[in-house]
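Source file protein_5.cif; content: mmCIF, C-alpha atoms.
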data_final
#
loop_
_atom_site.label_atom_id
_atom_site.label_comp_id
_atom_site.auth_asym_id
_atom_site.auth_seq_id
_atom_site.Cartn_x
_atom_site.Cartn_y
_atom_site.Cartn_z
CA MET C 19 0.00 0.00 0.00
CA LYS C 20 1.34 3.42 -0.96
CA VAL C 21 0.31 6.45 1.08
CA ALA C 22 0.80 10.00 -0.18
CA VAL C 23 1.15 12.62 2.56
CA VAL C 24 0.48 16.01 0.98
CA ARG C 25 2.67 18.86 2.15
CA PHE C 26 1.26 22.37 1.97
CA PRO C 27 3.24 25.42 3.03
CA GLY C 28 2.43 25.41 6.74
CA SER C 29 1.71 21.70 7.17
CA ASN C 30 3.27 20.60 10.45
CA CYS C 31 1.97 17.07 11.08
CA ASP C 32 3.25 15.71 7.77
CA ALA C 33 6.18 13.85 9.34
CA ASP C 34 3.92 12.38 12.04
CA ALA C 35 1.48 11.11 9.41
CA TRP C 36 4.34 9.72 7.33
CA HIS C 37 5.66 7.91 10.41
CA ALA C 38 2.26 6.50 11.36
CA ALA C 39 1.70 5.21 7.81
CA THR C 40 5.18 3.71 7.68
CA ALA C 41 4.72 2.06 11.08
CA ALA C 42 1.49 0.53 9.76
CA GLY C 43 3.52 -1.15 7.01
CA ALA C 44 2.75 1.23 4.16
CA GLU C 45 5.17 2.85 1.76
CA ALA C 46 4.69 6.52 2.61
CA VAL C 47 5.79 9.35 0.35
CA TYR C 48 5.52 13.10 0.59
CA VAL C 49 3.79 14.98 -2.21
CA TRP C 50 4.34 18.73 -2.51
CA HIS C 51 1.14 20.72 -2.96
CA ARG C 52 2.29 22.08 -6.34
CA SER C 53 2.37 18.55 -7.73
CA ALA C 54 -0.33 17.70 -10.24
CA ASP C 55 -0.30 13.99 -9.38
CA LEU C 56 -0.15 11.75 -6.35
CA GLY C 57 2.65 9.48 -7.52
CA GLY C 58 0.40 6.47 -7.91
CA ALA C 59 -0.61 6.41 -4.25
CA ASP C 60 -3.46 4.20 -3.02
CA VAL C 61 -4.29 6.45 -0.08
CA VAL C 62 -3.99 10.21 0.39
CA VAL C 63 -3.49 11.91 3.75
CA LEU C 64 -3.94 15.66 4.13
CA PRO C 65 -2.08 16.33 7.38
CA GLY C 66 -2.56 18.85 10.16
CA GLY C 67 -0.95 22.24 10.29
CA PHE C 68 -1.75 25.82 9.39
CA CYS C 69 -1.41 25.93 5.64
CA TYR C 70 -1.07 29.45 4.27
CA GLY C 71 -1.13 30.67 7.87
CA ASP C 72 -4.89 29.99 8.01
CA TYR C 73 -5.21 33.28 6.09
CA LEU C 74 -8.78 34.17 5.12
CA ARG C 75 -10.09 30.87 6.59
CA PRO C 76 -8.28 27.63 7.42
CA GLY C 77 -7.94 25.66 4.18
CA ALA C 78 -9.47 28.39 2.01
CA ILE C 79 -6.35 28.98 -0.06
CA ALA C 80 -4.88 25.47 0.09
CA ARG C 81 -7.98 24.04 -1.54
CA PHE C 82 -6.88 25.72 -4.79
CA SER C 83 -3.39 24.16 -4.72
CA PRO C 84 -2.69 22.16 -7.90
CA VAL C 85 -2.57 18.88 -5.96
CA MET C 86 -6.19 19.29 -4.93
CA LYS C 87 -7.36 18.46 -8.46
CA ALA C 88 -5.60 15.12 -8.13
CA VAL C 89 -7.04 14.64 -4.64
CA ALA C 90 -10.56 15.36 -5.96
CA ALA C 91 -10.06 12.87 -8.80
CA HIS C 92 -8.73 10.27 -6.33
CA ALA C 93 -11.81 10.83 -4.14
CA ALA C 94 -14.18 10.71 -7.11
CA ALA C 95 -12.68 7.35 -8.08
CA GLY C 96 -13.74 6.03 -4.68
CA ARG C 97 -10.21 5.77 -3.34
CA PRO C 98 -9.37 6.60 0.30
CA VAL C 99 -8.62 10.16 1.41
CA LEU C 100 -8.02 11.10 5.06
CA GLY C 101 -7.99 14.70 6.25
CA ILE C 102 -6.67 15.33 9.74
CA CYS C 103 -7.33 18.65 11.50
CA ASN C 104 -6.15 21.22 8.93
CA GLY C 105 -6.61 18.49 6.31
CA PHE C 106 -10.26 18.16 7.40
CA GLN C 107 -10.63 21.93 7.00
CA VAL C 108 -9.14 21.73 3.50
CA LEU C 109 -11.53 18.91 2.53
CA CYS C 110 -14.54 20.95 3.70
CA GLU C 111 -13.34 24.06 1.87
CA ALA C 112 -12.84 21.91 -1.24
CA GLN C 113 -16.40 20.62 -0.80
CA LEU C 114 -15.19 17.04 -0.75
CA LEU C 115 -16.91 16.92 2.66
CA PRO C 116 -19.99 18.93 3.68
CA GLY C 117 -20.06 21.67 6.31
CA ALA C 118 -17.27 23.82 7.70
CA LEU C 119 -14.95 24.19 10.68
CA ALA C 120 -15.55 27.44 12.54
CA ARG C 121 -13.67 29.18 15.35
CA ASN C 122 -13.84 27.18 18.60
CA GLY C 123 -16.87 28.07 20.68
CA GLY C 124 -14.69 28.96 23.66
CA LEU C 125 -12.32 31.00 21.45
CA SER C 126 -9.23 29.40 22.96
CA PHE C 127 -6.88 27.10 21.12
CA VAL C 128 -7.54 23.61 22.51
CA CYS C 129 -4.59 21.25 22.84
CA ARG C 130 -5.25 18.12 24.88
CA PRO C 131 -6.31 14.50 24.57
CA VAL C 132 -10.02 13.97 23.93
CA THR C 133 -12.17 10.88 23.99
CA MET C 134 -14.31 10.05 20.97
CA ARG C 135 -16.81 7.35 20.20
CA VAL C 136 -16.41 5.51 16.91
CA GLU C 137 -19.82 6.00 15.32
CA SER C 138 -19.18 4.21 12.06
CA ASP C 139 -16.84 1.37 11.16
CA ALA C 140 -18.01 1.52 7.53
CA THR C 141 -15.10 3.53 6.14
CA PRO C 142 -11.66 2.29 5.06
CA PHE C 143 -10.09 4.20 7.95
CA THR C 144 -12.34 2.90 10.72
CA ALA C 145 -12.90 -0.68 9.56
CA ARG C 146 -10.56 -1.92 12.29
CA TYR C 147 -12.56 -0.26 15.05
CA ALA C 148 -15.76 -1.48 16.62
CA ARG C 149 -18.84 0.71 16.46
CA GLY C 150 -19.26 2.36 19.87
CA GLN C 151 -15.59 1.91 20.77
CA LEU C 152 -14.09 4.78 22.78
CA VAL C 153 -10.74 6.09 21.55
CA THR C 154 -8.45 8.81 22.89
CA MET C 155 -6.44 11.10 20.62
CA PRO C 156 -5.14 14.66 21.00
CA VAL C 157 -6.77 17.71 19.49
CA ALA C 158 -4.76 20.83 18.69
CA HIS C 159 -6.86 23.46 16.96
CA GLY C 160 -8.40 26.90 17.16
CA ASP C 161 -10.96 26.35 14.42
CA GLY C 162 -12.49 22.94 15.02
CA ARG C 163 -16.16 23.63 15.64
CA TYR C 164 -17.98 21.56 13.05
CA VAL C 165 -20.97 23.45 11.65
CA ALA C 166 -23.50 22.67 8.95
CA ASP C 167 -27.16 23.44 8.40
CA ALA C 168 -29.73 21.22 10.11
CA ALA C 169 -30.64 19.41 6.88
CA THR C 170 -27.00 18.46 6.31
CA LEU C 171 -26.59 17.30 9.92
CA ASP C 172 -29.78 15.23 9.72
CA ARG C 173 -28.61 13.68 6.49
CA LEU C 174 -25.17 12.82 7.89
CA GLU C 175 -26.83 11.06 10.82
CA ARG C 176 -29.43 9.31 8.69
CA GLU C 177 -26.77 8.00 6.33
CA ASP C 178 -24.42 6.87 9.11
CA ARG C 179 -21.82 9.40 7.97
CA VAL C 180 -20.84 10.75 11.39
CA VAL C 181 -17.67 8.74 11.91
CA PHE C 182 -16.49 10.09 15.28
CA ARG C 183 -18.31 11.96 18.03
CA TYR C 184 -16.79 13.60 21.10
CA ALA C 185 -17.70 11.60 24.18
CA GLY C 186 -17.38 13.03 27.66
CA GLY C 187 -16.77 16.64 26.69
CA ASN C 188 -16.98 18.62 23.49
CA PRO C 189 -13.73 20.62 23.18
CA ASN C 190 -14.87 23.18 20.59
CA GLY C 191 -18.67 23.45 20.53
CA ALA C 192 -19.02 21.28 17.43
CA MET C 193 -22.64 20.78 16.38
CA ARG C 194 -24.03 17.47 17.61
CA ASP C 195 -20.59 16.67 19.11
CA ILE C 196 -19.27 15.82 15.65
CA ALA C 197 -15.52 15.15 15.53
CA GLY C 198 -15.30 13.41 12.16
CA ILE C 199 -17.45 12.68 9.10
CA THR C 200 -17.34 10.87 5.79
CA ASN C 201 -18.63 11.61 2.30
CA GLU C 202 -21.43 9.88 0.41
CA GLY C 203 -19.01 7.35 -1.05
CA ARG C 204 -17.59 6.68 2.45
CA ASN C 205 -14.02 6.86 1.08
CA VAL C 206 -13.22 10.40 2.23
CA VAL C 207 -12.91 10.89 5.99
CA GLY C 208 -12.08 14.06 7.91
CA LEU C 209 -11.60 14.47 11.64
CA MET C 210 -10.26 17.17 13.96
CA PRO C 211 -8.36 14.95 16.46
CA HIS C 212 -4.94 13.62 15.49
CA PRO C 213 -4.69 9.83 15.05
CA GLU C 214 -1.06 10.20 13.91
CA ARG C 215 -0.20 11.71 17.30
CA ALA C 216 -1.73 8.67 18.98
CA ALA C 217 -0.15 5.98 16.86
CA ASP C 218 2.38 4.53 19.30
CA PRO C 219 2.23 3.66 23.02
CA LEU C 220 5.25 5.95 23.46
CA LEU C 221 2.98 8.88 22.58
CA GLY C 222 0.55 8.02 25.37
CA SER C 223 -1.98 6.29 23.13
CA ASP C 224 -1.93 4.08 20.10
CA ASP C 225 -5.66 4.35 19.53
CA GLY C 226 -5.03 6.12 16.22
CA ALA C 227 -2.68 3.55 14.71
CA ALA C 228 -5.48 1.46 13.22
CA MET C 229 -6.56 4.38 11.02
CA PHE C 230 -3.35 3.93 9.04
CA ALA C 231 -3.66 0.16 8.66
CA LEU C 232 -6.01 -0.08 5.71
CA ALA C 233 -6.73 -3.71 4.97
CA GLY C 234 -7.41 -4.53 1.36
CA VAL C 235 -6.51 -1.14 -0.09
CA ALA C 236 -3.40 -2.41 -1.84
CA ALA C 237 -5.58 -4.96 -3.58
CA GLY C 238 -7.17 -2.08 -5.46
CA VAL C 239 -10.22 -1.47 -3.30
CA MET W 12 -8.77 49.59 -18.72
CA SER W 13 -9.61 51.59 -15.64
CA ARG W 14 -8.72 50.99 -12.03
CA PHE W 15 -11.40 50.41 -9.41
CA LEU W 16 -11.54 49.86 -5.69
CA ALA W 17 -13.98 47.12 -4.69
CA ARG W 18 -15.02 46.93 -1.06
CA VAL W 19 -16.44 43.66 0.28
CA ARG W 20 -17.84 42.91 3.71
CA VAL W 21 -17.93 39.28 4.87
CA MET W 22 -19.95 38.49 8.00
CA PRO W 23 -20.68 35.29 9.93
CA ARG W 24 -24.17 34.06 9.07
CA PRO W 25 -26.76 34.92 11.75
CA SER W 26 -27.32 31.23 12.46
CA ILE W 27 -23.62 30.71 13.25
CA LEU W 28 -22.36 31.35 16.77
CA ASP W 29 -19.81 34.18 16.73
CA PRO W 30 -17.68 33.65 19.85
CA GLN W 31 -15.38 36.52 18.88
CA GLY W 32 -18.31 38.92 18.79
CA GLN W 33 -19.56 37.58 22.11
CA ALA W 34 -16.17 38.09 23.77
CA VAL W 35 -15.98 41.67 22.51
CA SER W 36 -19.56 42.29 23.64
CA HIS W 37 -18.66 41.12 27.14
CA ALA W 38 -15.51 43.24 27.15
CA LEU W 39 -17.44 46.37 26.17
CA THR W 40 -19.95 45.77 28.95
CA GLU W 41 -17.09 45.20 31.42
CA LEU W 42 -15.61 48.53 30.35
CA GLY W 43 -18.81 50.21 31.46
CA PHE W 44 -20.49 50.74 28.09
CA SER W 45 -24.15 50.16 28.77
CA GLY W 46 -26.66 48.88 26.29
CA VAL W 47 -24.31 46.69 24.28
CA ASN W 48 -26.73 44.09 23.03
CA GLY W 49 -24.86 42.07 20.45
CA VAL W 50 -21.58 42.32 18.57
CA ARG W 51 -20.70 40.43 15.44
CA ILE W 52 -17.30 40.44 13.86
CA GLY W 53 -16.57 39.86 10.21
CA ARG W 54 -13.99 40.89 7.70
CA ALA W 55 -13.55 43.80 5.31
CA VAL W 56 -11.74 43.18 2.03
CA GLU W 57 -10.59 45.91 -0.32
CA MET W 58 -9.42 44.95 -3.77
CA VAL W 59 -7.85 47.10 -6.46
CA LEU W 60 -9.15 45.79 -9.77
CA ASP W 61 -8.31 46.70 -13.34
CA ALA W 62 -11.35 46.33 -15.58
CA ALA W 63 -12.92 47.91 -18.65
CA THR W 64 -15.94 49.24 -16.78
CA ALA W 65 -17.28 49.49 -13.23
CA ASP W 66 -19.83 46.81 -14.09
CA ALA W 67 -17.08 44.44 -15.21
CA ALA W 68 -15.17 45.13 -11.99
CA ARG W 69 -18.34 44.49 -9.98
CA GLU W 70 -19.00 41.24 -11.81
CA GLY W 71 -15.43 40.10 -11.18
CA ALA W 72 -15.59 41.03 -7.50
CA LEU W 73 -18.81 39.05 -7.02
CA LYS W 74 -17.21 35.98 -8.59
CA MET W 75 -14.23 36.38 -6.25
CA CYS W 76 -16.61 36.50 -3.27
CA GLU W 77 -18.31 33.30 -4.34
CA ARG W 78 -15.17 31.41 -5.15
CA LEU W 79 -12.83 32.42 -2.33
CA LEU W 80 -13.64 35.37 -0.09
CA ALA W 81 -16.69 33.90 1.69
CA ASN W 82 -17.58 30.37 2.71
CA PRO W 83 -21.30 29.97 2.00
CA VAL W 84 -21.68 27.50 4.88
CA THR W 85 -20.70 30.02 7.52
CA GLU W 86 -20.55 33.48 5.95
CA ASP W 87 -22.57 36.03 3.98
CA TYR W 88 -20.95 38.69 1.83
CA VAL W 89 -21.93 42.12 0.59
CA LEU W 90 -20.22 43.98 -2.20
CA GLU W 91 -20.43 47.40 -0.61
CA GLY W 92 -19.15 49.42 -3.49
CA VAL W 93 -17.02 49.69 -6.58
CA GLU W 94 -15.51 53.10 -7.14
CA PRO W 95 -12.83 54.57 -9.37
CA ALA W 96 -9.35 54.24 -7.87
CA ARG W 97 -5.96 55.54 -8.78
#
Is it possible to give me this structure as structure tokens?
Amino acid sequence: MKVAVVRFPGSNCDADAWHAATAAGAEAVYVWHRSADLGGADVVVLPGGFCYGDYLRPGAIARFSPVMKAVAAHAAAGRPVLGICNGFQVLCEAQLLPGALARNGGLSFVCRPVTMRVESDATPFTARYARGQLVTMPVAHGDGRYVADAATLDRLEREDRVVFRYAGGNPNGAMRDIAGITNEGRNVVGLMPHPERAADPLLGSDDGAAMFALAGVAAGV
Amino acid sequence: MSRFLARVRVMPRPSILDPQGQAVSHALTELGFSGVNGVRIGRAVEMVLDAATADAAREGALKMCERLLANPVTEDYVLEGVEPAR
């Protein structure tokens, strides 16, 4: 399995994501955001960070990077795309996922471990979790409050597209405690917490490691 | 070609919680300003545009709002004016 970790100017969790993918047995490569292709990768990770300094809105400028055309094509082909934190913001701005990430309800930057409930195991990134399982991963964001209109939220819930929900405390005021969602095709997943920072017991938790161990992807799923 | 100044105001949609506005509202009340009953904070964007006519500049500015300057999920925009610039 080949994993492309996209680097935008201002990405800062790219090395962590690369390491987590490598530790999961994948061949991980970095792809610069000016690249027009993904180097034949099976899986794309948009890592955390503050691309373009979060100018205008987080992800607003990065979504027009040349690589995003390739990411959109990859997603449209039903192949796996994972957006973590800033990567989630980029996916929402690019309209590959619905809704938006607004300034945290409490205004402060939140940087601490949070507990989430796995709401759906029906994505390539959560297939190794059990529905209802509680997992702990760090958050580190100032703009992580998931917002969408009521019709979109209802639809996400009806279609089992809420992938993670904060359990035991909502760190940012996200609507309906949403921490992560997936698209209609269930191949694009975005979440605010950082699985790559919880991918080894040395880091205090390895609850996130399974998100990088995608069974069956190399077989062309 | 003429040069125009386009002024755009981008505001959080009324349905979206604006914690920044709330914090400033509280601060104003703390400072002793009475009657502060709501603050919302958005963004002002000024763009210098070269276009054949003011209408063309306006049309361009509106497209820029839709494509980049405002996120329709969370924000509304108003093109406040397009005026000749030097």
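Comparing the minimum interatomic distances between Thr154 of chain C and each of C:Gly191, C:Pro116, C:Gly186, C:Gly226, counting all atoms listed in the file, we find that C:Gly226 sits nearest.
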Matched chain/residue IDs from the PyMOL selection byres ((chain W) within 7 of (chain C)), as a list of chain:residue names: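 Expected selection for the PyMOL selection byres ((chain W) within 7 of (chain C)) here is W:Pro30, W:Gln31, W:Leu79, W:Val84.
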For the atom pair atom CA of Met12 of chain W and atom CA of Ala63 of chain W, what is the interatomic distance in Å to one decimal place? 4.5 Å
Selection result of the PyMOL selection byres ((chain C and resi 148-153) around 6) on this file, as a count of residues only: 10
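Distance check against Glu57 of chain W using all atoms listed in the file: of W:Gly92, W:Gly32, W:Gly43, W:Gly71, the minimum falls on W:Gly92.
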Name the residues that the PyMOL selection byres ((chain C and resi 203) around 9) picks from the file above, as a compact mmCIF listing (two decimals) with C-alpha atoms, in the frame of the given file, using the file's chain letters and numbers.
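Output (selection.txt):
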# COMPACT_ATOMS: atom_id res chain seq x y z
CA ALA C 93 -11.81 10.83 -4.14
CA ALA C 94 -14.18 10.71 -7.11
CA GLY C 96 -13.74 6.03 -4.68
CA THR C 200 -17.34 10.87 5.79
CA ASN C 201 -18.63 11.61 2.30
CA GLU C 202 -21.43 9.88 0.41
CA ARG C 204 -17.59 6.68 2.45
CA ASN C 205 -14.02 6.86 1.08
CA VAL C 206 -13.22 10.40 2.23
To one decimal place, how far is atom CA of Thr40 of chain C from atom CA of Pro142 of chain C in Å?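 Atom-to-atom, atom CA of Thr40 of chain C and atom CA of Pro142 of chain C are spaced 17.1 Å apart.
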Exercise: segment 59-62 of chain W partners within 12 Å, all atoms listed in the file, chain neighbours under 6 positions left out, as a list in words: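 Once the nearby chain positions are removed, what remains is Met12, Ser13, Arg14, Phe15, Leu16, Ala17, Arg18, Val19, Ala68, Arg69, Glu70, Gly71, Ala72, Met75, Gly92, Val93, Glu94, Pro95, Ala96 and Arg97 of chain W.
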